[in-house]
>>> print(open('data-v9.txt').read())   # compact mmCIF, C-alpha atoms and all ligand atoms
# COMPACT_ATOMS: atom_id res chain seq x y z
CA MET A 1 33.45 -130.98 -66.37
CA LEU A 2 34.36 -130.51 -62.74
CA ARG A 3 32.54 -127.95 -60.69
CA LYS A 4 34.26 -125.96 -57.99
CA VAL A 5 33.01 -123.39 -55.53
CA VAL A 6 35.21 -120.78 -53.91
CA LYS A 7 33.72 -118.47 -51.32
CA VAL A 8 35.50 -115.14 -50.98
CA ARG A 9 34.90 -112.19 -48.70
CA ILE A 10 33.93 -108.98 -50.48
CA TYR A 11 33.99 -105.40 -49.22
CA PRO A 12 31.33 -103.27 -50.92
CA ASP A 13 31.56 -99.50 -50.23
CA SER A 14 28.60 -97.75 -48.66
CA GLU A 15 27.00 -96.88 -52.00
CA GLN A 16 27.34 -100.47 -53.16
CA GLN A 17 25.93 -101.67 -49.84
CA THR A 18 22.80 -99.59 -50.45
CA LYS A 19 22.45 -101.02 -53.96
CA LEU A 20 23.01 -104.54 -52.69
CA ALA A 21 20.37 -104.01 -49.99
CA GLN A 22 17.92 -102.99 -52.75
CA ALA A 23 18.80 -106.06 -54.79
CA PHE A 24 18.40 -108.35 -51.75
CA GLY A 25 15.03 -106.71 -51.13
CA CYS A 26 13.82 -107.18 -54.72
CA SER A 27 14.94 -110.81 -54.85
CA ARG A 28 13.33 -111.53 -51.47
CA TRP A 29 10.09 -109.79 -52.45
CA TRP A 30 9.90 -111.70 -55.73
CA TRP A 31 10.62 -115.02 -54.00
CA ASN A 32 7.83 -114.44 -51.49
CA TYR A 33 5.42 -113.17 -54.16
CA ALA A 34 6.12 -116.13 -56.48
CA LEU A 35 5.89 -118.63 -53.63
CA ASN A 36 2.58 -117.20 -52.48
CA HIS A 37 1.28 -117.12 -56.05
CA SER A 38 2.28 -120.77 -56.54
CA ILE A 39 0.51 -121.81 -53.34
CA GLU A 40 -2.67 -119.93 -54.29
CA THR A 41 -2.65 -121.31 -57.83
CA TYR A 42 -2.22 -124.79 -56.45
CA LYS A 43 -5.19 -124.30 -54.12
CA GLU A 44 -7.39 -123.12 -56.99
CA THR A 45 -6.35 -125.42 -59.79
CA GLY A 46 -4.49 -128.29 -58.16
CA LYS A 47 -1.52 -127.49 -60.36
CA GLY A 48 1.76 -125.81 -59.55
CA LEU A 49 3.54 -123.14 -61.58
CA GLY A 50 6.73 -123.79 -63.47
CA GLN A 51 9.71 -121.57 -64.01
CA SER A 52 8.53 -120.00 -67.25
CA ALA A 53 4.99 -119.43 -65.96
CA LEU A 54 6.43 -117.54 -62.99
CA ASN A 55 8.86 -115.53 -65.10
CA ALA A 56 5.96 -114.56 -67.35
CA LEU A 57 4.46 -112.64 -64.43
CA LEU A 58 7.43 -110.30 -64.20
CA PRO A 59 6.78 -107.89 -67.11
CA ALA A 60 3.32 -106.98 -65.78
CA LEU A 61 4.69 -106.46 -62.27
CA LYS A 62 7.37 -104.16 -63.63
CA LYS A 63 4.66 -102.05 -65.26
CA ALA A 64 2.23 -101.96 -62.31
CA PRO A 65 2.52 -98.67 -60.37
CA SER A 66 2.87 -100.36 -56.97
CA THR A 67 5.67 -102.71 -58.03
CA LYS A 68 7.42 -100.82 -60.80
CA TRP A 69 10.52 -100.51 -58.58
CA LEU A 70 11.28 -104.10 -59.65
CA ARG A 71 12.56 -102.52 -62.87
CA GLU A 72 15.54 -101.17 -60.92
CA CYS A 73 16.69 -104.72 -60.20
CA TYR A 74 19.14 -106.42 -62.55
CA SER A 75 16.71 -108.74 -64.34
CA GLN A 76 18.88 -111.86 -64.20
CA ILE A 77 18.80 -111.73 -60.40
CA LEU A 78 15.03 -112.15 -60.52
CA GLN A 79 15.30 -114.95 -63.08
CA ALA A 80 17.80 -116.75 -60.85
CA THR A 81 15.41 -116.34 -57.92
CA THR A 82 12.66 -118.03 -59.95
CA LEU A 83 14.99 -120.89 -60.82
CA ASN A 84 15.98 -121.35 -57.18
CA LEU A 85 12.35 -121.38 -56.12
CA THR A 86 11.41 -124.03 -58.67
CA THR A 87 14.43 -126.08 -57.56
CA ALA A 88 13.29 -125.75 -53.95
CA TYR A 89 9.86 -127.04 -55.01
CA LYS A 90 11.41 -129.94 -56.85
CA ASN A 91 13.56 -130.85 -53.84
CA PHE A 92 10.45 -130.83 -51.71
CA PHE A 93 8.48 -133.07 -54.07
CA ASP A 94 11.43 -135.45 -54.38
CA GLY A 95 11.53 -135.75 -50.60
CA ARG A 96 14.93 -134.11 -50.21
CA ALA A 97 13.86 -130.97 -48.40
CA GLN A 98 11.11 -129.25 -46.51
CA PHE A 99 8.52 -127.10 -48.26
CA PRO A 100 10.10 -123.80 -49.43
CA ARG A 101 9.79 -121.07 -46.84
CA PHE A 102 9.03 -117.40 -47.14
CA LYS A 103 12.18 -115.31 -46.84
CA SER A 104 12.56 -112.86 -44.01
CA LYS A 105 14.30 -109.51 -43.76
CA LYS A 106 16.12 -110.90 -40.76
CA GLY A 107 18.87 -113.46 -41.20
CA LYS A 108 21.13 -114.09 -44.16
CA GLN A 109 20.34 -112.23 -47.38
CA SER A 110 21.45 -113.34 -50.81
CA ILE A 111 21.18 -112.82 -54.55
CA GLN A 112 22.48 -114.87 -57.42
CA TYR A 113 24.02 -113.82 -60.72
CA PRO A 114 23.63 -116.62 -63.28
CA GLN A 115 26.35 -115.15 -65.53
CA ASN A 116 28.45 -112.11 -66.47
CA VAL A 117 30.49 -111.87 -63.26
CA LYS A 118 34.21 -111.27 -63.68
CA VAL A 119 36.94 -111.89 -61.15
CA LEU A 120 40.00 -109.68 -61.42
CA ASP A 121 42.91 -109.08 -59.05
CA ALA A 122 41.35 -108.42 -55.63
CA ILE A 123 38.10 -107.41 -57.36
CA VAL A 124 34.78 -109.09 -58.14
CA LYS A 125 32.99 -107.29 -60.96
CA LEU A 126 29.22 -107.66 -60.71
CA PRO A 127 26.96 -106.83 -63.67
CA GLY A 128 24.19 -104.22 -63.41
CA ASN A 129 24.58 -101.08 -61.33
CA ILE A 130 26.96 -102.42 -58.69
CA GLY A 131 30.21 -102.79 -60.60
CA GLU A 132 33.63 -103.52 -59.15
CA VAL A 133 33.63 -104.68 -55.52
CA LYS A 134 36.83 -105.06 -53.50
CA ALA A 135 37.48 -108.67 -52.60
CA LYS A 136 39.95 -110.92 -50.86
CA ILE A 137 40.64 -113.67 -53.39
CA HIS A 138 42.52 -116.19 -51.26
CA ARG A 139 42.83 -118.77 -54.00
CA PRO A 140 42.78 -118.54 -57.80
CA ILE A 141 39.45 -119.14 -59.52
CA GLU A 142 40.00 -121.91 -62.06
CA GLY A 143 38.01 -122.49 -65.22
CA THR A 144 34.89 -120.69 -66.45
CA ILE A 145 32.85 -118.75 -63.93
CA LYS A 146 29.22 -119.88 -63.92
CA THR A 147 27.02 -118.53 -61.15
CA VAL A 148 27.99 -116.17 -58.36
CA THR A 149 25.98 -115.85 -55.16
CA VAL A 150 26.43 -112.67 -53.15
CA SER A 151 25.35 -112.87 -49.53
CA LYS A 152 25.27 -110.76 -46.40
CA CYS A 153 25.52 -112.46 -43.02
CA PRO A 154 23.66 -111.16 -39.96
CA SER A 155 27.09 -110.21 -38.59
CA GLY A 156 27.37 -107.66 -41.41
CA LYS A 157 29.97 -109.46 -43.53
CA TYR A 158 29.58 -109.85 -47.30
CA PHE A 159 30.63 -112.90 -49.30
CA ALA A 160 30.64 -114.07 -52.91
CA SER A 161 30.42 -117.79 -53.65
CA ILE A 162 31.90 -118.33 -57.08
CA LEU A 163 30.95 -121.51 -58.92
CA SER A 164 33.22 -122.39 -61.80
CA GLU A 165 33.55 -125.24 -64.25
CA VAL A 166 36.96 -126.71 -64.88
CA LYS A 167 37.73 -128.82 -67.96
CA GLY A 168 38.47 -132.41 -67.25
CA ASP A 169 36.46 -135.46 -66.46
CA VAL A 170 35.26 -136.70 -63.17
CA PRO A 171 37.40 -139.78 -62.53
CA THR A 172 35.61 -143.07 -63.16
CA PRO A 173 34.53 -144.40 -59.80
CA SER A 174 36.41 -147.42 -58.60
CA SER A 175 36.02 -149.50 -55.46
CA GLU A 176 39.67 -150.60 -55.37
CA GLY A 177 40.95 -149.63 -51.95
CA ASN A 178 39.90 -149.28 -48.34
CA PHE A 179 36.25 -149.70 -47.51
CA ILE A 180 34.73 -148.06 -44.42
CA GLY A 181 31.34 -147.89 -42.74
CA ILE A 182 30.42 -144.87 -40.63
CA ASP A 183 27.86 -144.67 -37.86
CA LEU A 184 26.97 -141.04 -37.19
CA GLY A 185 25.94 -140.28 -33.65
CA LEU A 186 25.69 -137.73 -30.90
CA LYS A 187 27.91 -139.31 -28.27
CA HIS A 188 30.67 -139.70 -30.83
CA PHE A 189 30.32 -137.72 -34.01
CA ALA A 190 31.46 -140.62 -36.17
CA VAL A 191 32.31 -144.23 -35.40
CA VAL A 192 34.25 -145.77 -38.27
CA SER A 193 34.83 -149.44 -39.08
CA ASP A 194 37.42 -150.40 -41.69
CA GLY A 195 36.78 -154.13 -41.33
CA ASN A 196 39.59 -154.65 -38.82
CA LYS A 197 39.28 -151.95 -36.23
CA VAL A 198 36.78 -149.39 -35.03
CA SER A 199 37.84 -145.75 -34.60
CA LYS A 200 35.80 -143.08 -32.83
CA PHE A 201 35.79 -139.38 -33.59
CA ASP A 202 34.38 -137.16 -30.89
CA ASN A 203 31.68 -134.64 -31.46
CA PRO A 204 33.31 -131.26 -30.75
CA LYS A 205 29.99 -129.84 -29.44
CA HIS A 206 30.71 -126.34 -30.67
CA ILE A 207 27.53 -124.83 -29.39
CA ALA A 208 28.11 -126.07 -25.83
CA LYS A 209 31.50 -124.40 -25.73
CA HIS A 210 30.08 -121.07 -26.77
CA GLN A 211 26.79 -121.54 -24.97
CA GLN A 212 27.62 -119.53 -21.84
CA ASN A 213 28.87 -116.63 -23.88
CA LEU A 214 25.89 -116.80 -26.21
CA LYS A 215 23.42 -116.89 -23.34
CA ARG A 216 24.95 -113.83 -21.67
CA LYS A 217 24.93 -111.84 -24.90
CA GLN A 218 21.38 -112.90 -25.71
CA GLN A 219 20.15 -111.80 -22.28
CA LYS A 220 21.85 -108.48 -22.73
CA LEU A 221 20.21 -108.14 -26.15
CA ALA A 222 16.77 -108.89 -24.70
CA ARG A 223 17.09 -105.92 -22.33
CA LYS A 224 17.76 -103.43 -25.14
CA LYS A 225 14.96 -101.27 -26.46
CA ASP A 226 13.51 -102.02 -29.88
CA GLY A 227 15.06 -99.95 -32.62
CA SER A 228 17.81 -98.53 -30.39
CA LYS A 229 21.41 -98.25 -31.49
CA SER A 230 22.70 -100.51 -28.74
CA ARG A 231 20.15 -103.15 -29.69
CA PHE A 232 21.57 -103.13 -33.20
CA LYS A 233 25.10 -103.41 -31.80
CA ASN A 234 24.23 -106.30 -29.50
CA LYS A 235 22.41 -108.08 -32.28
CA ARG A 236 25.61 -108.00 -34.30
CA LEU A 237 27.52 -109.43 -31.33
CA VAL A 238 25.14 -112.38 -31.01
CA ALA A 239 25.31 -112.94 -34.76
CA LYS A 240 29.11 -112.99 -34.53
CA ILE A 241 29.08 -115.78 -31.94
CA HIS A 242 26.71 -117.81 -34.14
CA GLU A 243 29.10 -117.23 -37.01
CA ARG A 244 32.09 -118.39 -34.98
CA VAL A 245 30.23 -121.57 -34.00
CA SER A 246 29.32 -122.29 -37.60
CA ASN A 247 32.87 -121.62 -38.82
CA SER A 248 34.48 -124.00 -36.36
CA ARG A 249 31.84 -126.62 -37.18
CA GLN A 250 32.57 -126.33 -40.90
CA ASP A 251 36.28 -126.53 -40.18
CA PHE A 252 35.85 -129.75 -38.19
CA LEU A 253 33.59 -131.31 -40.83
CA HIS A 254 36.02 -130.42 -43.63
CA LYS A 255 39.04 -131.82 -41.80
CA LEU A 256 37.39 -135.09 -40.83
CA SER A 257 35.81 -135.68 -44.26
CA THR A 258 39.10 -134.91 -46.04
CA LYS A 259 40.96 -137.32 -43.77
CA LEU A 260 38.44 -140.12 -44.31
CA VAL A 261 38.34 -139.58 -48.08
CA ASN A 262 42.15 -139.49 -48.35
CA ASP A 263 42.52 -142.75 -46.45
CA ASN A 264 39.66 -144.64 -48.08
CA GLN A 265 38.08 -145.42 -51.44
CA VAL A 266 34.54 -146.45 -50.51
CA VAL A 267 32.55 -144.82 -47.72
CA VAL A 268 29.21 -146.17 -46.50
CA VAL A 269 26.86 -144.12 -44.33
CA GLU A 270 23.31 -144.46 -43.19
CA ASN A 271 20.78 -142.17 -44.81
CA LEU A 272 19.65 -140.35 -41.68
CA ASN A 273 16.31 -138.74 -41.73
CA THR A 274 17.59 -135.57 -40.09
CA LEU A 275 14.52 -133.57 -41.03
CA GLY A 276 12.35 -136.07 -39.19
CA MET A 277 14.72 -136.22 -36.25
CA LEU A 278 14.88 -132.44 -36.01
CA ARG A 279 11.22 -132.47 -35.16
CA ASN A 280 12.14 -134.26 -31.96
CA HIS A 281 12.74 -131.16 -29.88
CA ASN A 282 15.07 -132.66 -27.31
CA LEU A 283 17.49 -133.88 -29.91
CA ALA A 284 17.07 -131.02 -32.37
CA LYS A 285 19.72 -128.72 -30.97
CA SER A 286 22.45 -131.34 -30.76
CA ILE A 287 21.57 -132.72 -34.18
CA SER A 288 21.68 -129.39 -35.96
CA ASP A 289 24.89 -128.65 -34.09
CA ALA A 290 26.43 -131.90 -35.27
CA GLY A 291 25.89 -131.13 -38.98
CA TRP A 292 25.46 -134.69 -40.30
CA GLY A 293 23.88 -133.51 -43.53
CA ILE A 294 26.75 -131.15 -44.31
CA PHE A 295 29.20 -133.91 -43.45
CA THR A 296 27.69 -136.49 -45.81
CA ASN A 297 27.60 -133.85 -48.55
CA PHE A 298 31.30 -133.17 -48.02
CA LEU A 299 32.08 -136.88 -48.14
CA SER A 300 30.01 -137.32 -51.27
CA TYR A 301 31.59 -134.56 -53.36
CA LYS A 302 35.14 -135.22 -52.14
CA LEU A 303 34.82 -138.89 -53.05
CA GLU A 304 33.34 -138.00 -56.42
CA ARG A 305 36.31 -135.79 -57.15
CA LYS A 306 38.81 -138.50 -56.33
CA GLY A 307 36.89 -141.28 -58.09
CA GLY A 308 35.84 -142.97 -54.89
CA LEU A 309 32.39 -144.27 -54.07
CA PHE A 310 29.83 -142.92 -51.66
CA ILE A 311 27.17 -145.40 -50.63
CA GLU A 312 24.13 -144.34 -48.68
CA ILE A 313 22.16 -147.17 -47.17
CA ASP A 314 18.53 -146.93 -46.28
CA ARG A 315 17.71 -145.57 -42.87
CA TRP A 316 15.47 -148.57 -42.22
CA PHE A 317 18.46 -150.87 -42.21
CA PRO A 318 18.62 -152.18 -38.61
CA SER A 319 22.31 -151.30 -38.10
CA SER A 320 22.05 -150.97 -34.31
CA LYS A 321 19.81 -153.99 -33.72
CA LEU A 322 21.79 -156.50 -35.75
CA CYS A 323 24.58 -158.60 -34.20
CA SER A 324 27.56 -158.09 -36.53
CA ASN A 325 28.87 -161.53 -35.63
CA CYS A 326 25.87 -163.83 -36.17
CA PHE A 327 23.23 -161.45 -37.63
CA TYR A 328 20.73 -162.11 -34.88
CA GLN A 329 18.34 -159.18 -34.85
CA MET A 330 17.30 -157.70 -31.51
CA SER A 331 13.66 -156.70 -31.30
CA GLU A 332 14.52 -153.45 -29.55
CA MET A 333 17.55 -151.28 -28.99
CA PRO A 334 16.71 -148.15 -26.97
CA LEU A 335 18.95 -145.11 -27.51
CA ASP A 336 20.43 -145.25 -24.00
CA VAL A 337 21.80 -148.79 -24.40
CA ARG A 338 25.48 -148.20 -25.16
CA GLU A 339 26.64 -151.84 -24.81
CA TRP A 340 24.86 -155.16 -25.20
CA THR A 341 25.44 -158.88 -25.45
CA CYS A 342 24.02 -160.94 -28.27
CA PRO A 343 21.62 -163.58 -26.84
CA HIS A 344 22.40 -165.93 -29.73
CA CYS A 345 26.20 -165.99 -29.99
CA GLY A 346 27.17 -164.22 -26.77
CA THR A 347 29.32 -161.54 -28.41
CA HIS A 348 29.57 -158.36 -26.35
CA HIS A 349 28.97 -155.29 -28.50
CA ASP A 350 29.72 -151.61 -28.26
CA ARG A 351 26.56 -150.11 -29.75
CA ASP A 352 28.13 -147.71 -32.25
CA GLY A 353 31.07 -149.93 -33.20
CA ASN A 354 28.68 -152.79 -33.98
CA ALA A 355 26.51 -150.44 -36.07
CA ALA A 356 29.53 -149.22 -38.06
CA ILE A 357 30.55 -152.82 -38.83
CA ASN A 358 27.00 -153.61 -40.01
CA ILE A 359 26.85 -150.47 -42.15
CA ARG A 360 30.14 -151.43 -43.79
CA ALA A 361 28.94 -155.00 -44.47
CA GLU A 362 25.69 -153.71 -45.93
CA GLY A 363 27.68 -151.38 -48.20
CA ILE A 364 29.80 -154.28 -49.46
CA ARG A 365 26.65 -156.31 -50.11
CA ILE A 366 25.03 -153.47 -52.06
CA LEU A 367 28.15 -152.92 -54.13
CA LYS A 368 28.42 -156.62 -55.01
CA LEU A 369 24.76 -156.69 -55.89
CA ALA A 370 25.12 -153.54 -57.99
CA ALA A 371 28.15 -154.95 -59.83
CA SER A 372 26.36 -158.23 -60.57
CA GLN A 373 23.23 -156.43 -61.81
CA SER A 374 24.99 -154.02 -64.13
CA VAL A 375 25.63 -155.17 -67.66
CA GLY A 376 29.07 -154.47 -69.03
CA GLY A 377 30.63 -153.46 -65.74
CA GLY A 378 30.46 -150.13 -63.98
CA TYR A 379 28.13 -149.20 -61.19
CA PRO A 380 24.48 -148.33 -61.61
CA VAL A 381 23.32 -145.25 -59.80
CA THR A 382 20.89 -147.11 -57.63
CA ALA A 383 21.15 -150.43 -55.97
CA GLY A 384 18.01 -151.41 -54.14
CA GLY A 385 17.63 -150.17 -50.62
CA GLY A 386 20.94 -148.46 -50.72
CA GLU A 387 22.36 -146.10 -53.20
CA VAL A 388 25.65 -145.89 -54.98
CA ARG A 389 25.76 -142.32 -56.05
CA PRO A 390 28.60 -141.11 -58.17
CA LYS A 391 26.49 -137.99 -58.72
CA ARG A 392 25.49 -135.74 -55.91
CA GLY A 393 21.87 -135.20 -54.98
CA ARG A 394 20.43 -138.13 -56.93
CA LYS A 395 17.84 -139.99 -54.95
CA SER A 396 16.95 -143.60 -55.24
CA ASN A 397 13.33 -144.40 -55.89
CA LEU A 398 13.79 -147.83 -54.46
CA ARG A 399 13.06 -148.02 -50.79
CA ARG A 400 13.26 -151.03 -48.59
CA SER A 401 10.21 -151.54 -46.44
CA PRO A 402 10.89 -151.31 -42.71
CA THR A 403 11.81 -154.60 -41.17
CA SER A 404 9.42 -155.93 -38.63
CA PRO A 405 10.78 -155.36 -35.15
CA GLU A 406 8.62 -158.13 -33.62
CA ALA A 407 10.20 -160.98 -35.50
CA PRO A 408 13.87 -161.42 -34.68
CA THR A 409 15.37 -163.69 -37.28
CA ILE A 410 18.52 -165.76 -37.31
CA PHE A 411 20.23 -166.33 -40.58
CA GLY A 412 23.53 -167.06 -42.19
CA THR A 413 26.95 -167.55 -40.77
CA PRO A 414 29.33 -164.71 -39.95
CA ASN A 415 30.39 -162.75 -43.03
CA SER A 416 27.93 -164.52 -45.29
CA VAL A 417 26.21 -161.20 -45.86
CA VAL A 418 28.41 -160.69 -48.89
CA GLY A 419 27.55 -164.08 -50.33
CA SER A 420 25.09 -164.83 -53.09
CA SER A 421 22.09 -165.73 -50.94
CA PRO A 422 20.84 -162.62 -49.20
CA PRO A 423 19.59 -162.69 -45.62
CA SER A 424 15.86 -163.23 -45.26
CA TYR A 425 14.98 -159.64 -44.45
CA LEU A 426 16.38 -158.59 -47.81
CA LYS A 427 14.50 -161.07 -49.99
CA ASP A 428 11.72 -158.67 -50.93
CA GLU A 429 14.21 -156.19 -52.15
CA VAL A 430 16.03 -158.64 -54.37
CA VAL A 431 12.78 -159.60 -56.01
CA THR A 432 12.13 -155.95 -56.73
CA LEU A 433 15.56 -155.56 -58.25
CA LYS A 434 15.21 -158.56 -60.53
CA SER A 435 11.85 -157.41 -61.82
CA ILE A 436 13.29 -154.13 -63.04
ZN ZN A 501 25.37 -162.73 -32.23
>>> encode(input="data-v9.txt", output="structure tokens")
Amino acid sequence: MLRKVVKVRIYPDSEQQTKLAQAFGCSRWWWNYALNHSIETYKETGKGLGQSALNALLPALKKAPSTKWLRECYSQILQATTLNLTTAYKNFFDGRAQFPRFKSKKGKQSIQYPQNVKVLDAIVKLPGNIGEVKAKIHRPIEGTIKTVTVSKCPSGKYFASILSEVKGDVPTPSSEGNFIGIDLGLKHFAVVSDGNKVSKFDNPKHIAKHQQNLKRKQQKLARKKDGSKSRFKNKRLVAKIHERVSNSRQDFLHKLSTKLVNDNQVVVVENLNTLGMLRNHNLAKSISDAGWGIFTNFLSYKLERKGGLFIEIDRWFPSSKLCSNCFYQMSEMPLDVREWTCPHCGTHHDRDGNAAINIRAEGIRILKLAASQSVGGGYPVTAGGGEVRPKRGRKSNLRRSPTSPEAPTIFGTPNSVVGSSPPSYLKDEVVTLKSI
């Protein structure tokens, strides 16, 4: 089964807007209530609450005088909220995401229908009391409709994201074809090595372009009185600029990922700890503007669809510190060093180009290792330190320990990384793999 998502704009009338606002409110209230309840239960008992335990709270809430308005809400919306909350918890415990947050009235609002949505000509038919909503269906929805998420942006626009399942198998992944390594950065968005040459793709810096405009509108907004009509108007204007920024970012990320996936069969990237990096305030704005996480997701699902391979290598891999010619490892490589010369072999390196070459070589090594470890051919999901993931969202439990920066080591001859004897800094990992 192949899964596809199509996001369409919908145009609810004013009555439907009121009903949607109520549904957003119920879903948000239940999310916050369930999250709070889970946290409190955890504090008292040391145990969390699962999906069915949370759902079991709903009937009593629907009877209680203070919360009986929950009855008005289409029940499957609440069930879907519970499921999303437990998924958010799971993602947190698996180290994929931050702890789930309480939802606010401000910002994007959404509800999810787990089933029973129909798409007709220029109409999305929602179950419950909302009914047929006008829609702009810009491409046909293929296959069986599964879940539909209805959202309202701060700019006032409504959307429906329609997830459908199409019959057919995901192509068997194959590594026959071009093999690239990508170094994601801020100076250049992506630096790509295909083994022969290095190409650089500039970061479009969307926010910077719109920054002046955004600043002016935000200042204007700050001068408006709370609750006034013009404050509401100006808030919409600011939200619209944010939306424009995010649309052009998505557009760029889609175009670049499609190009790279069309031209190549195997793509290797570094697993960047963006959550950790976002905590560094100076870099946070540029990093969230760059959208690395969205980009690697795009690469991953587009490759999966075509039967290509997406390899994520561990973020501890010293891609910037390693000389791609002789594998000498520098003890330090500060962020502002853009070019350097290897003290061992004398090769002059462009920082990002060298990193991309190393990332590619590491990907090849992991793939060879994975192929030699798997019995009967095919690729295992995990390959120590790095990860070959034909499926999206799967995380490797194997982590390479950070290499010691104090001990620069010299090993191997150029290109021997792919050979049978792994470089010394990888020996621990190979032992781990063999013992599995
Ligand atoms: Zn060197």
>>> closest_residue(input="data-v9.txt", among="A:Ser246, A:Asn354, A:Gln115, A:Asn178", to="Thr149 of chain A", atoms="all atoms listed in the file")
A:Gln115
>>> residues_around(input="data-v9.txt", residues="segment 145-147 of chain A", least_positions_apart="2", cutoff="6 Å", atoms="only C-alpha atoms", output="list in words")
Tyr113, Pro114, Gln115, Leu163 and Ser164 of chain A
>>> closest_atom_pairs(input="data-v9.txt", of="chain A", to="ligand ZN 501 (chain A)", cutoff="10 Å", atoms="all atoms listed in the file", output="JSON lines")
{"residue": "A:Leu322", "atom": "CA", "partner": "A:ZN501", "partner_atom": "ZN", "distance": 8.0}
{"residue": "A:Cys323", "atom": "CA", "partner": "A:ZN501", "partner_atom": "ZN", "distance": 4.6}
{"residue": "A:Ser324", "atom": "CA", "partner": "A:ZN501", "partner_atom": "ZN", "distance": 6.7}
{"residue": "A:Asn325", "atom": "CA", "partner": "A:ZN501", "partner_atom": "ZN", "distance": 5.0}
{"residue": "A:Cys326", "atom": "CA", "partner": "A:ZN501", "partner_atom": "ZN", "distance": 4.1}
{"residue": "A:Phe327", "atom": "CA", "partner": "A:ZN501", "partner_atom": "ZN", "distance": 5.9}
{"residue": "A:Tyr328", "atom": "CA", "partner": "A:ZN501", "partner_atom": "ZN", "distance": 5.4}
{"residue": "A:Gln329", "atom": "CA", "partner": "A:ZN501", "partner_atom": "ZN", "distance": 8.3}
{"residue": "A:Met330", "atom": "CA", "partner": "A:ZN501", "partner_atom": "ZN", "distance": 9.5}
{"residue": "A:Thr341", "atom": "CA", "partner": "A:ZN501", "partner_atom": "ZN", "distance": 7.8}
{"residue": "A:Cys342", "atom": "CA", "partner": "A:ZN501", "partner_atom": "ZN", "distance": 4.6}
{"residue": "A:Pro343", "atom": "CA", "partner": "A:ZN501", "partner_atom": "ZN", "distance": 6.6}
{"residue": "A:His344", "atom": "CA", "partner": "A:ZN501", "partner_atom": "ZN", "distance": 5.0}
{"residue": "A:Cys345", "atom": "CA", "partner": "A:ZN501", "partner_atom": "ZN", "distance": 4.0}
{"residue": "A:Gly346", "atom": "CA", "partner": "A:ZN501", "partner_atom": "ZN", "distance": 5.9}
{"residue": "A:Thr347", "atom": "CA", "partner": "A:ZN501", "partner_atom": "ZN", "distance": 5.6}
{"residue": "A:His348", "atom": "CA", "partner": "A:ZN501", "partner_atom": "ZN", "distance": 8.4}
{"residue": "A:His349", "atom": "CA", "partner": "A:ZN501", "partner_atom": "ZN", "distance": 9.1}
{"residue": "A:Ile410", "atom": "CA", "partner": "A:ZN501", "partner_atom": "ZN", "distance": 9.1}
{"residue": "A:Thr413", "atom": "CA", "partner": "A:ZN501", "partner_atom": "ZN", "distance": 9.9}
{"residue": "A:Pro414", "atom": "CA", "partner": "A:ZN501", "partner_atom": "ZN", "distance": 8.9}
>>> write_last_selection(input="data-v9.txt", atoms="C-alpha atoms", output="mmCIF file, in the coordinates of the input")
data_model
loop_
_atom_site.group_PDB
_atom_site.id
_atom_site.type_symbol
_atom_site.label_atom_id
_atom_site.label_comp_id
_atom_site.auth_asym_id
_atom_site.auth_seq_id
_atom_site.Cartn_x
_atom_site.Cartn_y
_atom_site.Cartn_z
ATOM 1 C CA LEU A 322 21.790 -156.500 -35.750
ATOM 2 C CA CYS A 323 24.580 -158.600 -34.200
ATOM 3 C CA SER A 324 27.560 -158.090 -36.530
ATOM 4 C CA ASN A 325 28.870 -161.530 -35.630
ATOM 5 C CA CYS A 326 25.870 -163.830 -36.170
ATOM 6 C CA PHE A 327 23.230 -161.450 -37.630
ATOM 7 C CA TYR A 328 20.730 -162.110 -34.880
ATOM 8 C CA GLN A 329 18.340 -159.180 -34.850
ATOM 9 C CA MET A 330 17.300 -157.700 -31.510
ATOM 10 C CA THR A 341 25.440 -158.880 -25.450
ATOM 11 C CA CYS A 342 24.020 -160.940 -28.270
ATOM 12 C CA PRO A 343 21.620 -163.580 -26.840
ATOM 13 C CA HIS A 344 22.400 -165.930 -29.730
ATOM 14 C CA CYS A 345 26.200 -165.990 -29.990
ATOM 15 C CA GLY A 346 27.170 -164.220 -26.770
ATOM 16 C CA THR A 347 29.320 -161.540 -28.410
ATOM 17 C CA HIS A 348 29.570 -158.360 -26.350
ATOM 18 C CA HIS A 349 28.970 -155.290 -28.500
ATOM 19 C CA ILE A 410 18.520 -165.760 -37.310
ATOM 20 C CA THR A 413 26.950 -167.550 -40.770
ATOM 21 C CA PRO A 414 29.330 -164.710 -39.950
#
>>> residues_around(input="data-v9.txt", residues="Gln250 of chain A", least_positions_apart="6", cutoff="12 Å", atoms="all atoms listed in the file", output="compact mmCIF listing (two decimals) with C-alpha atoms, keeping the file's coordinate frame")
# COMPACT_ATOMS: atom_id res chain seq x y z
CA PRO A 204 33.31 -131.26 -30.75
CA HIS A 206 30.71 -126.34 -30.67
CA GLU A 243 29.10 -117.23 -37.01
CA ARG A 244 32.09 -118.39 -34.98
CA LEU A 256 37.39 -135.09 -40.83
CA SER A 257 35.81 -135.68 -44.26
CA THR A 258 39.10 -134.91 -46.04
CA ASP A 289 24.89 -128.65 -34.09
CA ALA A 290 26.43 -131.90 -35.27
CA GLY A 291 25.89 -131.13 -38.98
CA TRP A 292 25.46 -134.69 -40.30
CA GLY A 293 23.88 -133.51 -43.53
CA ILE A 294 26.75 -131.15 -44.31
CA PHE A 295 29.20 -133.91 -43.45
CA ASN A 297 27.60 -133.85 -48.55
CA PHE A 298 31.30 -133.17 -48.02
>>> residues_around(input="data-v9.txt", residues="Lys233 of chain A", least_positions_apart="3", cutoff="12 Å", atoms="only C-alpha atoms", output="number ranges by chain")
A: 154-156, 217-218, 220-221, 224-230, 236-240
